[in-house]
Amino acid sequence: MSKFYITTPIYYVNASPHIGHAYTSIICDCMARFKRLGGEQVYYLTGTDEHGEKVNQAAKASGEDVSGFVDRVVGNFKKLWKDLDVSYDFFIRTTQNEHKEVVRKVITLLHSKGDIYKAKYQGFYCMPCESFWTPTQVKDAGGVCALCKREVEKIEEENYFFKLSKYEGWLKSYLKKNPSFIQPKTRYNEVKGFLDNNVLADLCISRPKSRVSWGVEFPLDASYVVYVWFDALINYISAVGYGSDDDKFKQWWPADLHLIGKDILRHHAIFWPVMLHALGVSLPRVIFAHGWWKVEEEKMSKSKGNIVNPYTLIKDVGTDALRYFLLREISPGADGNFSYKAVVNRINSDLANDLGNLVYRTLNMAQKYFDGKVTARKCSLPAQFKKTLAPLAQNYAKYMDSLNFPAALDLVFAFVRVMNKYIEDTKPWALWKEKETSRIEEFLYALLEGIRIVSVYLYPFMPAAAQAILRQLGLKEELLSLRECKWAQKETYSIKKEKPLFPRIDVD
RNA sequence: CGCGGGGUGGAGCAGCCGGGUAGCUCGCAAGGCUCAUAACCUUGAGGUCGGCGGUUCAAAUCCGCCCCCCGCAACCA
């Protein structure tokens, strides 16, 4: 049995989760569930990044002590994942001792290998960004922080540096040899372009406690804490036993997929691979950066006040419909536009009209005509089913593996539409008047089999709906496996019809 | 000449790598049906594939030039 280790970024806890966080975790959840459907052993890691001055300040701003504050925000994240049916296997917090231990081990090891050194640093520091700038960088930016354009502070202090520069050549050749390491392709090009146009400077990985107090204490020098990103990235290995549980680490590492947002591409595509290489640890197989949701064509931002709250959406449309919208509307590399109109439109046409109505009308006929008991009769696969089911079976996994969720769903819904058409073409209401009961039963059996198969394919996207379908077909959840996507697996159906899966949403 | 995306019927997108009748969803129009969530099914209207030029028997797809839009600040997936 093969394994699949998938990760979200660890979310920064200076504020509560919004739709973007939900999107990232839902993508990973869809992948994780898809892999489980295929019988793979999955380890789905998520968690929180809790150090750094910004967290400290956020805690102060809300009048809480830091550890109470982070606990509370972490609670918000965990609750959201529960409500969104995010099936992670482990939740790591960078404030956990186990993690901090590993961070210290990593630094000690890199130091012993000669990749960390202490140096006096002269330059400029941007407090809010926790970033250093050389005089040239500040000058180019016009005398301010090159990132945020705010005032910088001239500083001269000693810090610890990680020798990124030493590995620049290695990283370039690694990327050249592994063109699928960073996905999608545009992001790969971006990283390559960045490396071609810039010289990698060594990375400052310590912060004096006088300035940043909330962090992992630097192992070589108690007057410093570890730079928050250096601490954070290590979660991907500390969570699976690096430096503490060799068997576990061997079982799961390397990660098969680091899913990230495009904003943190450089940390994952440059710092992280070099850190691992310097440690002598193998690299993750794929780093995939997804796009961003715009809201009504505008960038989502706190300052614009247009942050979409996932809880409001769960309340309005439900978890499955929200997951479906986010995964169906755009494929993960691209940016997308979020609007309530688009959400409602998508739900009504795909979920209520096509899928929900198909299930409802089919079950209704099964009850009306056969009192809910439908048995296989000459259950050969209708020709029109075969025509769409074959490409579905053939390409579903391929699309899922490449995170092309819209393409996978298109295939599934093409089959849903074929079944709706099959009902029109067969005209069961006419057959009923002619007392052609055995033909109707054959027809209904075909539909029930088709719906059963659809429920399996939809499970990664809408786990609760898939389970509800199986339940109404009188089947057990264990049948959620790609192996079950074959025709005529069941002999009898005992229908237990419930309310429509997805009620239409009326807009006022 | 900074870097990276993008410009395809009313809207949103796929197709472009490996040229060969322009595809999907929504919307719109007409019709059909009634098992069904005013749902479903059929048919139709609607595109000089940003512009110009080149390669080719043939270009949305390859090459060159040009125009326009977005990101490459912060909060932040």
# chains A, B, ... in the order shown; residues from 1 in each chain; ligands from 1
>>> select_by_dssp(residues="stretch 268-477 of chain A", states="strand (DSSP E or B)", output="list in words")
Ile287, Phe288, Ala289, His290, Trp293, Lys294, Val295, Glu298, Lys299, Gly336, Asn337, Phe338, Lys373, Val374 and Thr375 of chain A
>>> residues_around(residues="B:U56", least_positions_apart="6", cutoff="12 Å", atoms="only C-alpha atoms (C1' of nucleotides)", output="list of chain:residue names")
B:G19, B:G20, B:C62, B:C63
>>> select_by_dssp(residues="stretch 66-179 of chain A", states="alpha helix (DSSP H)", output="JSON, numbers by chain")
{"A": [66, 67, 68, 69, 70, 71, 72, 73, 74, 75, 76, 77, 78, 79, 80, 81, 82, 83, 97, 98, 99, 100, 101, 102, 103, 104, 105, 106, 107, 108, 109, 110, 111, 112, 135, 136, 137, 138, 139, 140, 168, 169, 170, 171, 172, 173, 174, 175, 176, 177]}
>>> interface_residues(of="chain A", to="chain B", cutoff="7 Å", atoms="only C-alpha atoms (C1' of nucleotides)", output="list in words")
Gly20, His21, Tyr23, Thr24, Leu147, Cys148, Lys149, Glu190, Gly261, Trp292, Ser301, Lys302, Ser303, Ala352, Asn353, Asn357, Tyr360, Arg361, Asn364, Met365, Asn420, Lys421, Glu424, Trp429, Pro500, Pro503 and Arg504 of chain A
>>> residues_around(residues="B:U8", least_positions_apart="6", cutoff="8 Å", atoms="only C-alpha atoms (C1' of nucleotides)", output="ChimeraX atom specification")
/B:47,49,60
>>> residues_around(residues="stretch 366-374 of chain A", least_positions_apart="4", cutoff="8 Å", atoms="only C-alpha atoms (C1' of nucleotides)", output="PyMOL selection string")
chain A and resi 362+441+444-445+492-497
>>> write_last_selection(atoms="C-alpha atoms", output="mmCIF file, in the first residue's frame")
data_model
loop_
_atom_site.group_PDB
_atom_site.id
_atom_site.type_symbol
_atom_site.label_atom_id
_atom_site.label_comp_id
_atom_site.auth_asym_id
_atom_site.auth_seq_id
_atom_site.Cartn_x
_atom_site.Cartn_y
_atom_site.Cartn_z
ATOM 1 C CA THR A 362 -35.064 8.574 -9.047
ATOM 2 C CA GLU A 441 -37.295 -1.891 -12.672
ATOM 3 C CA LEU A 444 -34.433 2.206 -12.170
ATOM 4 C CA TYR A 445 -31.705 -0.252 -11.332
ATOM 5 C CA THR A 492 -30.889 -5.080 -4.532
ATOM 6 C CA TYR A 493 -31.599 -1.589 -3.427
ATOM 7 C CA SER A 494 -33.751 -0.722 -0.424
ATOM 8 C CA ILE A 495 -34.518 2.925 -0.806
ATOM 9 C CA LYS A 496 -34.922 5.268 2.113
ATOM 10 C CA LYS A 497 -35.692 8.602 0.576
#
>>> decode(residues="stretch 468-487 of chain A", atoms="N, CA and C atoms", output="CSV table (one decimal), in the first residue's frame")
chain,number,residue,atom,x,y,z
A,468,ALA,N,-24.8,10.7,2.4
A,468,ALA,CA,-26.3,10.8,2.4
A,468,ALA,C,-26.9,10.0,1.2
A,469,ILE,N,-26.2,10.1,0.1
A,469,ILE,CA,-26.7,9.4,-1.1
A,469,ILE,C,-26.7,7.9,-0.8
A,470,LEU,N,-25.5,7.4,-0.3
A,470,LEU,CA,-25.4,6.0,0.0
A,470,LEU,C,-26.5,5.5,1.0
A,471,ARG,N,-26.6,6.4,2.0
A,471,ARG,CA,-27.6,6.0,3.1
A,471,ARG,C,-29.0,5.9,2.5
A,472,GLN,N,-29.3,6.8,1.6
A,472,GLN,CA,-30.7,6.7,1.0
A,472,GLN,C,-30.8,5.6,0.0
A,473,LEU,N,-29.7,5.1,-0.5
A,473,LEU,CA,-29.8,3.9,-1.4
A,473,LEU,C,-29.8,2.7,-0.5
A,474,GLY,N,-29.7,2.8,0.8
A,474,GLY,CA,-29.7,1.7,1.7
A,474,GLY,C,-28.4,1.0,1.7
A,475,LEU,N,-27.3,1.7,1.4
A,475,LEU,CA,-26.0,1.1,1.4
A,475,LEU,C,-25.1,1.6,2.5
A,476,LYS,N,-23.9,1.0,2.7
A,476,LYS,CA,-23.0,1.4,3.8
A,476,LYS,C,-21.9,2.2,3.3
A,477,GLU,N,-21.4,3.1,4.2
A,477,GLU,CA,-20.3,4.0,3.8
A,477,GLU,C,-19.0,3.3,3.4
A,478,GLU,N,-18.9,2.0,3.8
A,478,GLU,CA,-17.6,1.3,3.4
A,478,GLU,C,-17.5,1.2,1.9
A,479,LEU,N,-18.6,1.4,1.2
A,479,LEU,CA,-18.6,1.3,-0.2
A,479,LEU,C,-17.9,2.5,-0.9
A,480,LEU,N,-17.5,3.4,-0.1
A,480,LEU,CA,-16.8,4.6,-0.6
A,480,LEU,C,-15.3,4.2,-0.9
A,481,SER,N,-15.1,3.7,-2.1
A,481,SER,CA,-13.8,3.3,-2.6
A,481,SER,C,-13.8,3.3,-4.1
A,482,LEU,N,-12.7,3.6,-4.7
A,482,LEU,CA,-12.7,3.7,-6.2
A,482,LEU,C,-12.9,2.3,-6.8
A,483,ARG,N,-12.6,1.3,-6.0
A,483,ARG,CA,-12.8,-0.1,-6.4
A,483,ARG,C,-14.3,-0.4,-6.7
A,484,GLU,N,-15.2,0.4,-6.0
A,484,GLU,CA,-16.6,0.2,-6.2
A,484,GLU,C,-17.2,0.9,-7.4
A,485,CYS,N,-16.4,1.6,-8.1
A,485,CYS,CA,-16.9,2.3,-9.3
A,485,CYS,C,-17.2,1.4,-10.5
A,486,LYS,N,-17.4,0.2,-10.3
A,486,LYS,CA,-17.7,-0.7,-11.4
A,486,LYS,C,-19.2,-0.9,-11.5
A,487,TRP,N,-19.6,-1.3,-12.6
A,487,TRP,CA,-21.0,-1.5,-12.9
A,487,TRP,C,-21.6,-2.8,-12.2
